[in-house]
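Dumped input.txt below, it's compact mmCIF, C-alpha atoms:
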```
# COMPACT_ATOMS: atom_id res chain seq x y z
CA MET Y 1 -8.34 -66.37 47.26
CA ASN Y 2 -11.05 -68.53 48.66
CA HIS Y 3 -13.22 -66.28 50.78
CA GLN Y 4 -16.19 -68.50 51.38
CA PRO Y 5 -18.55 -67.88 54.27
CA PRO Y 6 -18.75 -70.47 57.02
CA ALA Y 7 -21.47 -73.07 56.60
CA SER Y 8 -24.35 -71.29 58.23
CA ASP Y 9 -27.75 -69.94 57.20
CA LYS Y 10 -27.36 -66.65 58.95
CA PRO Y 11 -25.48 -64.32 58.93
CA SER Y 12 -24.91 -64.95 55.25
CA THR Y 13 -21.32 -63.82 54.75
CA CYS Y 14 -18.22 -64.09 56.90
CA MET Y 15 -17.93 -60.31 57.14
CA GLU Y 16 -21.44 -60.19 58.56
CA MET Y 17 -20.45 -62.93 60.93
CA LEU Y 18 -17.40 -60.93 61.97
CA GLN Y 19 -19.58 -57.94 62.64
CA ALA Y 20 -21.93 -60.01 64.78
CA ILE Y 21 -18.90 -61.17 66.80
CA LEU Y 22 -17.58 -57.64 67.22
CA ASP Y 23 -21.00 -56.38 68.21
CA GLY Y 24 -21.39 -59.11 70.81
CA ASP Y 25 -24.32 -60.63 68.94
CA ALA Y 26 -22.86 -63.94 67.79
CA THR Y 27 -23.78 -67.19 69.51
CA PRO Y 28 -20.94 -69.40 70.82
CA GLU Y 29 -21.62 -71.74 67.86
CA GLN Y 30 -21.28 -68.91 65.37
CA GLN Y 31 -18.09 -67.80 67.05
CA ALA Y 32 -16.66 -71.30 66.85
CA GLN Y 33 -17.68 -71.55 63.19
CA PHE Y 34 -16.02 -68.26 62.38
CA LYS Y 35 -12.80 -69.24 64.17
CA GLU Y 36 -12.68 -72.46 62.22
CA HIS Y 37 -13.31 -70.61 58.95
CA MET Y 38 -10.68 -68.01 59.82
CA GLU Y 39 -7.94 -70.62 60.03
CA GLY Y 40 -8.18 -71.15 56.30
CA CYS Y 41 -9.07 -67.61 55.25
CA MET Y 42 -6.38 -64.95 55.40
CA PRO Y 43 -8.61 -61.88 54.77
CA CYS Y 44 -10.93 -62.88 57.61
CA TYR Y 45 -8.02 -63.68 59.91
CA LYS Y 46 -6.41 -60.27 59.27
CA GLU Y 47 -9.66 -58.35 59.61
CA TYR Y 48 -10.57 -60.17 62.81
CA ASN Y 49 -7.21 -59.39 64.42
CA LEU Y 50 -7.33 -55.76 63.35
CA GLU Y 51 -10.84 -55.25 64.68
CA MET Y 52 -10.01 -56.98 67.95
CA VAL Y 53 -6.95 -54.78 68.50
CA ILE Y 54 -9.08 -51.67 67.88
CA LYS Y 55 -11.78 -52.91 70.23
CA GLU Y 56 -9.18 -53.59 72.91
CA LEU Y 57 -7.54 -50.17 72.40
CA LEU Y 58 -10.93 -48.48 72.72
CA LYS Y 59 -11.57 -50.23 75.99
CA THR Y 60 -8.17 -49.54 77.50
CA LYS Y 61 -7.66 -45.98 76.24
CA CYS Y 62 -11.15 -44.51 76.25
CA CYS Y 63 -12.76 -45.87 79.40
CA GLY Y 64 -10.56 -44.58 82.19
CA GLN Y 65 -12.50 -41.42 82.99
CA CYS Y 66 -13.71 -41.37 86.59
CA ALA Y 67 -16.55 -39.14 87.71
CA PRO Y 68 -15.13 -36.24 89.75
CA PRO Y 69 -15.74 -36.75 93.49
CA GLU Y 70 -17.42 -33.35 93.82
CA LEU Y 71 -20.00 -34.40 91.22
CA ILE Y 72 -20.82 -37.51 93.25
CA ASP Y 73 -21.12 -35.41 96.41
CA ARG Y 74 -23.31 -32.86 94.65
CA ILE Y 75 -25.71 -35.51 93.38
CA LYS Y 76 -25.87 -37.30 96.71
CA SER Y 77 -26.58 -34.13 98.64
CA GLN Y 78 -29.29 -33.04 96.16
CA ILE Y 79 -30.96 -36.43 96.36
CA GLY Y 80 -30.66 -36.37 100.15
CA THR Y 81 -32.44 -33.02 100.25
CA LYS Y 82 -35.16 -34.22 97.89
CA ALA Y 83 -35.65 -37.44 99.82
CA ALA Y 84 -35.90 -35.54 103.09
CA SER Y 85 -38.38 -32.99 101.75
CA MET L 1 -42.37 -37.53 80.30
CA ASP L 2 -42.77 -40.71 78.28
CA ILE L 3 -39.07 -41.19 77.49
CA LEU L 4 -38.50 -42.14 81.09
CA GLU L 5 -41.39 -44.49 81.34
CA GLN L 6 -40.63 -48.14 80.81
CA GLU L 7 -43.21 -50.68 79.81
CA VAL L 8 -43.66 -51.75 83.38
CA PRO L 9 -46.36 -50.97 85.91
CA LYS L 10 -45.61 -47.95 88.00
CA GLN L 11 -43.72 -48.87 91.15
CA HIS L 12 -44.59 -47.56 94.57
CA TYR L 13 -41.36 -47.36 96.49
CA SER L 14 -41.09 -46.10 100.04
CA GLU L 15 -38.59 -43.28 100.60
CA LYS L 16 -36.15 -45.81 102.01
CA GLN L 17 -36.52 -48.10 98.97
CA LYS L 18 -36.03 -45.16 96.63
CA GLN L 19 -32.78 -44.34 98.33
CA GLU L 20 -31.70 -47.98 98.12
CA VAL L 21 -32.46 -48.26 94.41
CA PHE L 22 -30.64 -45.00 93.81
CA ASP L 23 -27.54 -45.96 95.81
CA HIS L 24 -27.26 -49.59 94.74
CA GLU L 25 -28.58 -49.59 91.17
CA PHE L 26 -27.97 -46.10 89.83
CA MET L 27 -24.82 -44.78 91.50
CA PRO L 28 -22.56 -47.72 90.54
CA HIS L 29 -22.80 -46.53 86.90
CA ILE L 30 -21.59 -43.01 87.59
CA ASN L 31 -18.15 -43.46 86.00
CA SER L 32 -19.59 -44.88 82.79
CA MET L 33 -22.18 -42.11 82.75
CA TYR L 34 -19.55 -39.43 83.20
CA ASN L 35 -17.36 -40.94 80.50
CA PHE L 36 -20.33 -41.01 78.11
CA ALA L 37 -21.28 -37.42 78.95
CA TYR L 38 -17.72 -36.24 78.51
CA ARG L 39 -17.40 -37.92 75.12
CA LEU L 40 -20.63 -36.30 74.00
CA THR L 41 -19.84 -32.78 75.19
CA PHE L 42 -15.99 -32.67 75.30
CA ASP L 43 -16.27 -30.37 78.30
CA GLU L 44 -15.86 -31.29 81.96
CA ASP L 45 -18.40 -28.82 83.32
CA ASP L 46 -20.99 -29.69 80.68
CA ALA L 47 -20.43 -33.37 81.35
CA LYS L 48 -20.92 -32.85 85.08
CA ASP L 49 -24.15 -30.91 84.50
CA LEU L 50 -25.44 -33.55 82.12
CA VAL L 51 -24.73 -36.37 84.56
CA GLN L 52 -26.25 -34.44 87.44
CA ASP L 53 -29.41 -33.66 85.44
CA THR L 54 -29.65 -37.32 84.48
CA TYR L 55 -29.42 -38.57 88.05
CA LEU L 56 -31.92 -36.01 89.31
CA LYS L 57 -34.36 -37.00 86.56
CA ALA L 58 -33.79 -40.67 87.33
CA PHE L 59 -34.64 -40.02 90.96
CA ARG L 60 -37.70 -37.96 90.08
CA PHE L 61 -39.02 -40.74 87.84
CA ILE L 62 -37.79 -43.62 89.96
CA ASP L 63 -41.32 -45.10 90.13
CA SER L 64 -41.01 -45.81 86.39
CA PHE L 65 -37.98 -47.98 87.03
CA GLN L 66 -38.48 -51.58 88.05
CA GLN L 67 -35.92 -52.73 90.59
CA GLY L 68 -33.55 -55.38 89.24
CA THR L 69 -34.04 -54.44 85.56
CA ASN L 70 -31.39 -52.84 83.39
CA ALA L 71 -30.58 -49.65 85.29
CA LYS L 72 -27.54 -48.87 83.19
CA ALA L 73 -29.48 -48.86 79.90
CA TRP L 74 -32.24 -46.79 81.50
CA LEU L 75 -29.74 -44.20 82.75
CA PHE L 76 -27.91 -44.06 79.43
CA ARG L 77 -31.24 -43.48 77.69
CA ILE L 78 -32.08 -40.57 79.98
CA LEU L 79 -28.62 -39.08 79.50
CA LYS L 80 -28.80 -39.41 75.73
CA ASN L 81 -32.22 -37.74 75.66
CA SER L 82 -31.08 -34.96 77.98
CA PHE L 83 -28.13 -34.37 75.70
CA ILE L 84 -30.34 -34.06 72.62
CA ASN L 85 -33.24 -32.17 74.17
CA ASP L 86 -31.55 -29.88 76.66
CA TYR L 87 -27.85 -29.61 76.01
CA ARG L 88 -27.90 -29.31 72.24
CA LYS L 89 -30.73 -26.78 72.32
CA LYS L 90 -28.90 -24.68 74.87
CA LYS L 91 -25.73 -24.74 72.80
CA LYS L 92 -27.74 -24.01 69.65
CA GLU L 93 -25.95 -26.71 67.75
CA PRO L 94 -26.70 -26.87 64.05
CA ALA L 95 -29.38 -29.30 62.99
CA LYS L 96 -27.99 -32.77 62.71
CA VAL L 97 -27.32 -34.55 59.48
CA ASP L 98 -29.89 -37.09 58.53
CA TYR L 99 -27.91 -40.26 59.04
CA GLN L 100 -30.89 -42.35 58.15
CA GLU L 101 -30.29 -41.26 54.60
CA VAL L 102 -26.58 -42.02 54.85
CA GLU L 103 -27.41 -45.43 56.22
CA THR L 104 -29.96 -46.24 53.55
CA PHE L 105 -27.37 -45.40 50.95
CA TYR L 106 -24.81 -47.44 52.76
CA ASN L 107 -27.07 -50.45 53.13
CA SER L 108 -27.81 -50.52 49.47
CA GLU L 109 -24.19 -51.37 48.84
CA ASP L 110 -22.57 -54.70 49.22
CA VAL L 111 -21.82 -55.03 52.93
CA ASP L 112 -18.82 -57.10 52.08
CA ARG L 113 -17.21 -54.28 50.18
CA GLN L 114 -13.91 -53.60 51.84
CA ILE L 115 -13.57 -49.88 52.30
CA THR L 116 -10.94 -50.37 54.96
CA PRO L 117 -7.82 -48.57 53.95
CA ASP L 118 -4.53 -50.28 54.32
CA LEU L 119 -4.48 -50.44 58.09
CA ARG L 120 -2.39 -53.05 59.83
CA VAL L 121 -2.19 -54.31 63.37
CA GLU L 122 1.49 -53.34 63.54
CA SER L 123 0.78 -49.74 62.64
CA LEU L 124 -1.91 -49.61 65.32
CA GLN L 125 0.56 -50.82 67.87
CA ASN L 126 2.84 -47.96 66.93
CA LEU L 127 0.14 -45.46 67.74
CA MET L 128 1.03 -44.39 71.22
CA GLY L 129 -0.86 -41.85 73.23
CA ASP L 130 -4.29 -40.54 72.45
CA GLU L 131 -4.78 -41.32 68.78
CA ILE L 132 -7.53 -43.86 69.38
CA SER L 133 -9.34 -41.45 71.67
CA ASN L 134 -8.93 -38.61 69.18
CA ALA L 135 -10.13 -40.83 66.35
CA LEU L 136 -13.24 -41.74 68.34
CA ASN L 137 -13.87 -38.10 69.22
CA SER L 138 -13.55 -37.06 65.58
CA LEU L 139 -16.57 -39.15 64.57
CA ASP L 140 -19.96 -37.48 64.24
CA VAL L 141 -21.97 -37.83 67.40
CA ASP L 142 -24.32 -40.57 66.13
CA PHE L 143 -21.43 -42.76 65.04
CA ARG L 144 -19.39 -41.96 68.15
CA THR L 145 -22.34 -42.92 70.32
CA VAL L 146 -22.77 -46.44 68.94
CA ILE L 147 -19.07 -47.19 69.35
CA ILE L 148 -19.20 -45.97 72.96
CA LEU L 149 -22.30 -48.02 73.71
CA CYS L 150 -21.02 -51.20 72.06
CA ASP L 151 -17.26 -51.25 72.48
CA LEU L 152 -16.75 -49.21 75.64
CA GLU L 153 -19.87 -50.18 77.53
CA GLY L 154 -20.74 -53.58 76.09
CA PHE L 155 -24.41 -52.93 75.34
CA LYS L 156 -26.23 -55.40 73.06
CA TYR L 157 -28.22 -54.53 69.91
CA ASP L 158 -31.59 -54.54 71.67
CA GLU L 159 -30.30 -52.36 74.50
CA MET L 160 -28.74 -49.88 72.07
CA ALA L 161 -31.97 -49.81 70.06
CA LYS L 162 -33.86 -48.84 73.23
CA ILE L 163 -31.32 -46.29 74.38
CA LEU L 164 -31.24 -44.61 70.97
CA ASP L 165 -34.88 -45.14 69.94
CA ILE L 166 -33.90 -46.65 66.61
CA PRO L 167 -34.55 -50.09 65.05
CA ILE L 168 -32.01 -52.87 65.62
CA GLY L 169 -31.17 -52.93 61.90
CA THR L 170 -30.19 -49.29 62.12
CA VAL L 171 -28.00 -49.99 65.15
CA ARG L 172 -26.23 -52.70 63.18
CA SER L 173 -25.63 -50.61 60.07
CA ARG L 174 -24.63 -47.54 62.06
CA LEU L 175 -22.07 -49.60 63.99
CA HIS L 176 -20.68 -51.05 60.78
CA ARG L 177 -20.34 -47.58 59.28
CA ALA L 178 -18.85 -46.21 62.52
CA ARG L 179 -16.21 -48.94 62.63
CA ASN L 180 -15.18 -48.20 59.07
CA LEU L 181 -14.98 -44.47 59.72
CA LEU L 182 -12.87 -45.14 62.80
CA LYS L 183 -10.51 -47.32 60.79
CA GLU L 184 -10.20 -44.62 58.14
CA LYS L 185 -9.24 -42.12 60.81
CA LEU L 186 -6.74 -44.49 62.43
CA SER L 187 -5.28 -45.18 59.06
CA GLU L 188 -4.68 -41.45 58.55
CA TYR L 189 -2.88 -41.28 61.89
CA ALA L 190 -0.85 -44.38 61.07
CA LYS L 191 0.17 -42.87 57.77
CA LYS L 192 1.32 -39.67 59.46
CA MET L 193 3.31 -41.72 61.97
CA GLY L 194 4.85 -43.65 59.11
CA TYR L 195 6.01 -40.45 57.44
CA LYS L 196 7.47 -39.24 60.68
CA ASN L 197 9.30 -42.48 61.32
CA SER L 198 10.68 -42.87 57.85
```
Target encoding structure tokens, full file:
Amino acid sequence: MNHQPPASDKPSTCMEMLQAILDGDATPEQQAQFKEHMEGCMPCYKEYNLEMVIKELLKTKCCGQCAPPELIDRIKSQIGTKAAS
Amino acid sequence: MDILEQEVPKQHYSEKQKQEVFDHEFMPHINSMYNFAYRLTFDEDDAKDLVQDTYLKAFRFIDSFQQGTNAKAWLFRILKNSFINDYRKKKKEPAKVDYQEVETFYNSEDVDRQITPDLRVESLQNLMGDEISNALNSLDVDFRTVIILCDLEGFKYDEMAKILDIPIGTVRSRLHRARNLLKEKLSEYAKKMGYKNS
């Protein structure tokens, strides 16, 4: 299977490029290059989709926690006391 | 306390300005801070204490914070340091594994090596409930932390490097390793689900 990296100096392999995209470190040009490469490269296409689903699941399932209201009150009142003193 | 000092000249806020910075730049991050604290400690009361300590410290050292700069990263850094210096000591947690060594070993290998087990998008979609959260929680704290910072909170390499006091290269390799460990865990869950469904 042809698993050539996109034409780019850096990052040097497509898996590195994928990581840069996942990590939010890829430039729009690099992202476009990777997308173009992915169209002809099944391993990259599969890996990209898998990683994106995981990233999305993490965001939707692990972020919902709200700070308890009594914690907010406690902090505000402590800061109020400090500020007043 | 140098961990709280940024490379900016000390500010001289009036009491009113301090309150404004606190209310408008620090408090909006309270939910993210609590979520981070909870995922570090796995305990609601400990998480509350950790967040409260962090905010009190942030207020005490508010002159080291320059208005309009990255308050969220600054707060996360204080929380992370409080967790390591205060919380872990109190709980007498065992000394942590030297991940630097793990990472050096890891980096010496071909980064392209696919260690991902046979995990498919379809099997992920069958994972209902809390598997993803449990998988994240099962990771060692250093790996868990980079996933939280990057995927849950959207921090960039340079911000994570500052929050964690590690080089950017280490952030990158730790994230890579963390993602693979997470996939391994999810793959275990998916396998179990597969057995159940078959």
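For stretch 10-16 of chain L, the non-local neighbours within 10 Å, defined as residues at least 6 positions apart in the same chain or in other chains and counting only C-alpha atoms, are Ala83 and Ala84 of chain Y; Phe22, Phe61, Ile62, Asp63, Ser64, Phe65, Gln66 and Gln67 of chain L.
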Could I get the residues of chain Y with an atom no further than 8 Å from an atom of chain L, each paired with its nearest atom pair and that distance in Å to one decimal, using only C-alpha atoms, sorted by chain and residue number, as a Markdown table?
```
| residue | atom | partner | partner_atom | distance |
| --- | --- | --- | --- | --- |
| Y:Thr13 | CA | L:Asp112 | CA | 7.7 |
| Y:Met15 | CA | L:Asp112 | CA | 6.1 |
| Y:Glu16 | CA | L:Asp112 | CA | 7.6 |
| Y:Gln19 | CA | L:His176 | CA | 7.2 |
| Y:Asp23 | CA | L:Cys150 | CA | 6.5 |
| Y:Gly24 | CA | L:Lys156 | CA | 6.5 |
| Y:Asp25 | CA | L:Lys156 | CA | 6.9 |
| Y:Asn49 | CA | L:Val121 | CA | 7.2 |
| Y:Leu50 | CA | L:Val121 | CA | 5.3 |
| Y:Val53 | CA | L:Val121 | CA | 7.0 |
| Y:Ile54 | CA | L:Leu124 | CA | 7.9 |
| Y:Lys55 | CA | L:Asp151 | CA | 6.2 |
| Y:Leu57 | CA | L:Ile132 | CA | 7.0 |
| Y:Leu58 | CA | L:Leu152 | CA | 6.6 |
| Y:Lys59 | CA | L:Leu152 | CA | 5.3 |
| Y:Lys61 | CA | L:Ser133 | CA | 6.7 |
| Y:Cys62 | CA | L:Ser133 | CA | 5.8 |
| Y:Cys63 | CA | L:Leu152 | CA | 6.4 |
| Y:Gly64 | CA | L:Asn35 | CA | 7.9 |
| Y:Gln65 | CA | L:Asn35 | CA | 5.5 |
| Y:Cys66 | CA | L:Asn31 | CA | 4.9 |
| Y:Ala67 | CA | L:Asn31 | CA | 4.9 |
| Y:Leu71 | CA | L:Lys48 | CA | 6.4 |
| Y:Ile72 | CA | L:Ile30 | CA | 7.9 |
| Y:Arg74 | CA | L:Gln52 | CA | 7.9 |
| Y:Ile75 | CA | L:Gln52 | CA | 6.1 |
| Y:Gln78 | CA | L:Leu56 | CA | 7.9 |
| Y:Ile79 | CA | L:Leu56 | CA | 7.1 |
| Y:Ala83 | CA | L:Glu15 | CA | 6.6 |
```
Interatomic distance, atom CA of Y:Ala32 to atom CA of Y:Glu51 (Å, one decimal):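 That distance, rounded to one decimal, is 17.2 Å.
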Padded axis-aligned box of stretch 142-154 of chain L (5 Å per side), centre and edge lengths, Å, one decimal, as AutoDock Vina command-line options:
```
--center_x -20.5 --center_y -47.1 --center_z 71.3 --size_x 17.6 --size_y 23.0 --size_z 22.5
```
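Across the structure, atom CA of L:Arg88 and atom CA of L:Asn70 are spaced 26.3 Å apart.
The space between atom CA of L:Asp165 and atom CA of L:Lys90 spans 21.9 Å.
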Nearest to L:Leu50 by atom-to-atom distance, counting only C-alpha atoms, from L:Leu149, L:Ile84, L:Ile163, L:Leu139: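 Closest to L:Leu50 of all the choices is L:Ile84.
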Kindly add N, CA, C and O atoms to the incomplete stretch 145-164 of chain L and provide the output as a compact mmCIF listing (two decimals), in the coordinates of the input.
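The resulting selection15.txt:
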```
# COMPACT_ATOMS: atom_id res chain seq x y z
N THR L 145 -21.49 -42.35 69.28
CA THR L 145 -22.34 -42.92 70.32
C THR L 145 -22.44 -44.45 70.23
O THR L 145 -22.32 -45.13 71.24
N VAL L 146 -22.63 -44.98 69.02
CA VAL L 146 -22.77 -46.44 68.94
C VAL L 146 -21.48 -47.17 69.31
O VAL L 146 -21.52 -48.25 69.91
N ILE L 147 -20.35 -46.57 68.98
CA ILE L 147 -19.07 -47.19 69.35
C ILE L 147 -18.94 -47.18 70.89
O ILE L 147 -18.52 -48.17 71.50
N ILE L 148 -19.28 -46.07 71.50
CA ILE L 148 -19.20 -45.97 72.96
C ILE L 148 -20.11 -47.03 73.59
O ILE L 148 -19.69 -47.78 74.47
N LEU L 149 -21.34 -47.09 73.11
CA LEU L 149 -22.30 -48.02 73.71
C LEU L 149 -21.86 -49.47 73.52
O LEU L 149 -21.94 -50.27 74.46
N CYS L 150 -21.38 -49.81 72.34
CA CYS L 150 -21.02 -51.20 72.06
C CYS L 150 -19.64 -51.56 72.60
O CYS L 150 -19.50 -52.47 73.40
N ASP L 151 -18.63 -50.83 72.19
CA ASP L 151 -17.26 -51.25 72.48
C ASP L 151 -16.76 -50.82 73.85
O ASP L 151 -15.96 -51.51 74.47
N LEU L 152 -17.21 -49.66 74.32
CA LEU L 152 -16.75 -49.21 75.64
C LEU L 152 -17.64 -49.77 76.74
O LEU L 152 -17.17 -50.15 77.80
N GLU L 153 -18.93 -49.81 76.48
CA GLU L 153 -19.87 -50.18 77.53
C GLU L 153 -20.49 -51.57 77.39
O GLU L 153 -21.17 -52.04 78.31
N GLY L 154 -20.28 -52.20 76.25
CA GLY L 154 -20.74 -53.58 76.09
C GLY L 154 -22.24 -53.78 75.99
O GLY L 154 -22.75 -54.85 76.29
N PHE L 155 -22.97 -52.75 75.52
CA PHE L 155 -24.41 -52.93 75.34
C PHE L 155 -24.68 -53.81 74.12
O PHE L 155 -23.91 -53.82 73.16
N LYS L 156 -25.81 -54.54 74.17
CA LYS L 156 -26.23 -55.40 73.06
C LYS L 156 -27.14 -54.61 72.11
O LYS L 156 -27.65 -53.55 72.46
N TYR L 157 -27.38 -55.21 70.92
CA TYR L 157 -28.22 -54.53 69.91
C TYR L 157 -29.55 -54.04 70.49
O TYR L 157 -29.95 -52.90 70.26
N ASP L 158 -30.25 -54.93 71.20
CA ASP L 158 -31.59 -54.54 71.67
C ASP L 158 -31.51 -53.42 72.70
O ASP L 158 -32.36 -52.53 72.74
N GLU L 159 -30.46 -53.44 73.51
CA GLU L 159 -30.30 -52.36 74.50
C GLU L 159 -29.98 -51.03 73.80
O GLU L 159 -30.54 -49.99 74.13
N MET L 160 -29.09 -51.11 72.81
CA MET L 160 -28.74 -49.88 72.07
C MET L 160 -29.96 -49.33 71.34
O MET L 160 -30.17 -48.12 71.29
N ALA L 161 -30.77 -50.24 70.78
CA ALA L 161 -31.97 -49.81 70.06
C ALA L 161 -32.89 -49.04 71.01
O ALA L 161 -33.47 -48.01 70.65
N LYS L 162 -33.01 -49.52 72.25
CA LYS L 162 -33.86 -48.84 73.23
C LYS L 162 -33.26 -47.51 73.67
O LYS L 162 -33.96 -46.52 73.80
N ILE L 163 -31.97 -47.52 73.92
CA ILE L 163 -31.32 -46.29 74.38
C ILE L 163 -31.44 -45.20 73.30
O ILE L 163 -31.70 -44.04 73.61
N LEU L 164 -31.29 -45.59 72.06
CA LEU L 164 -31.24 -44.61 70.97
C LEU L 164 -32.58 -44.40 70.26
O LEU L 164 -32.68 -43.54 69.39
```
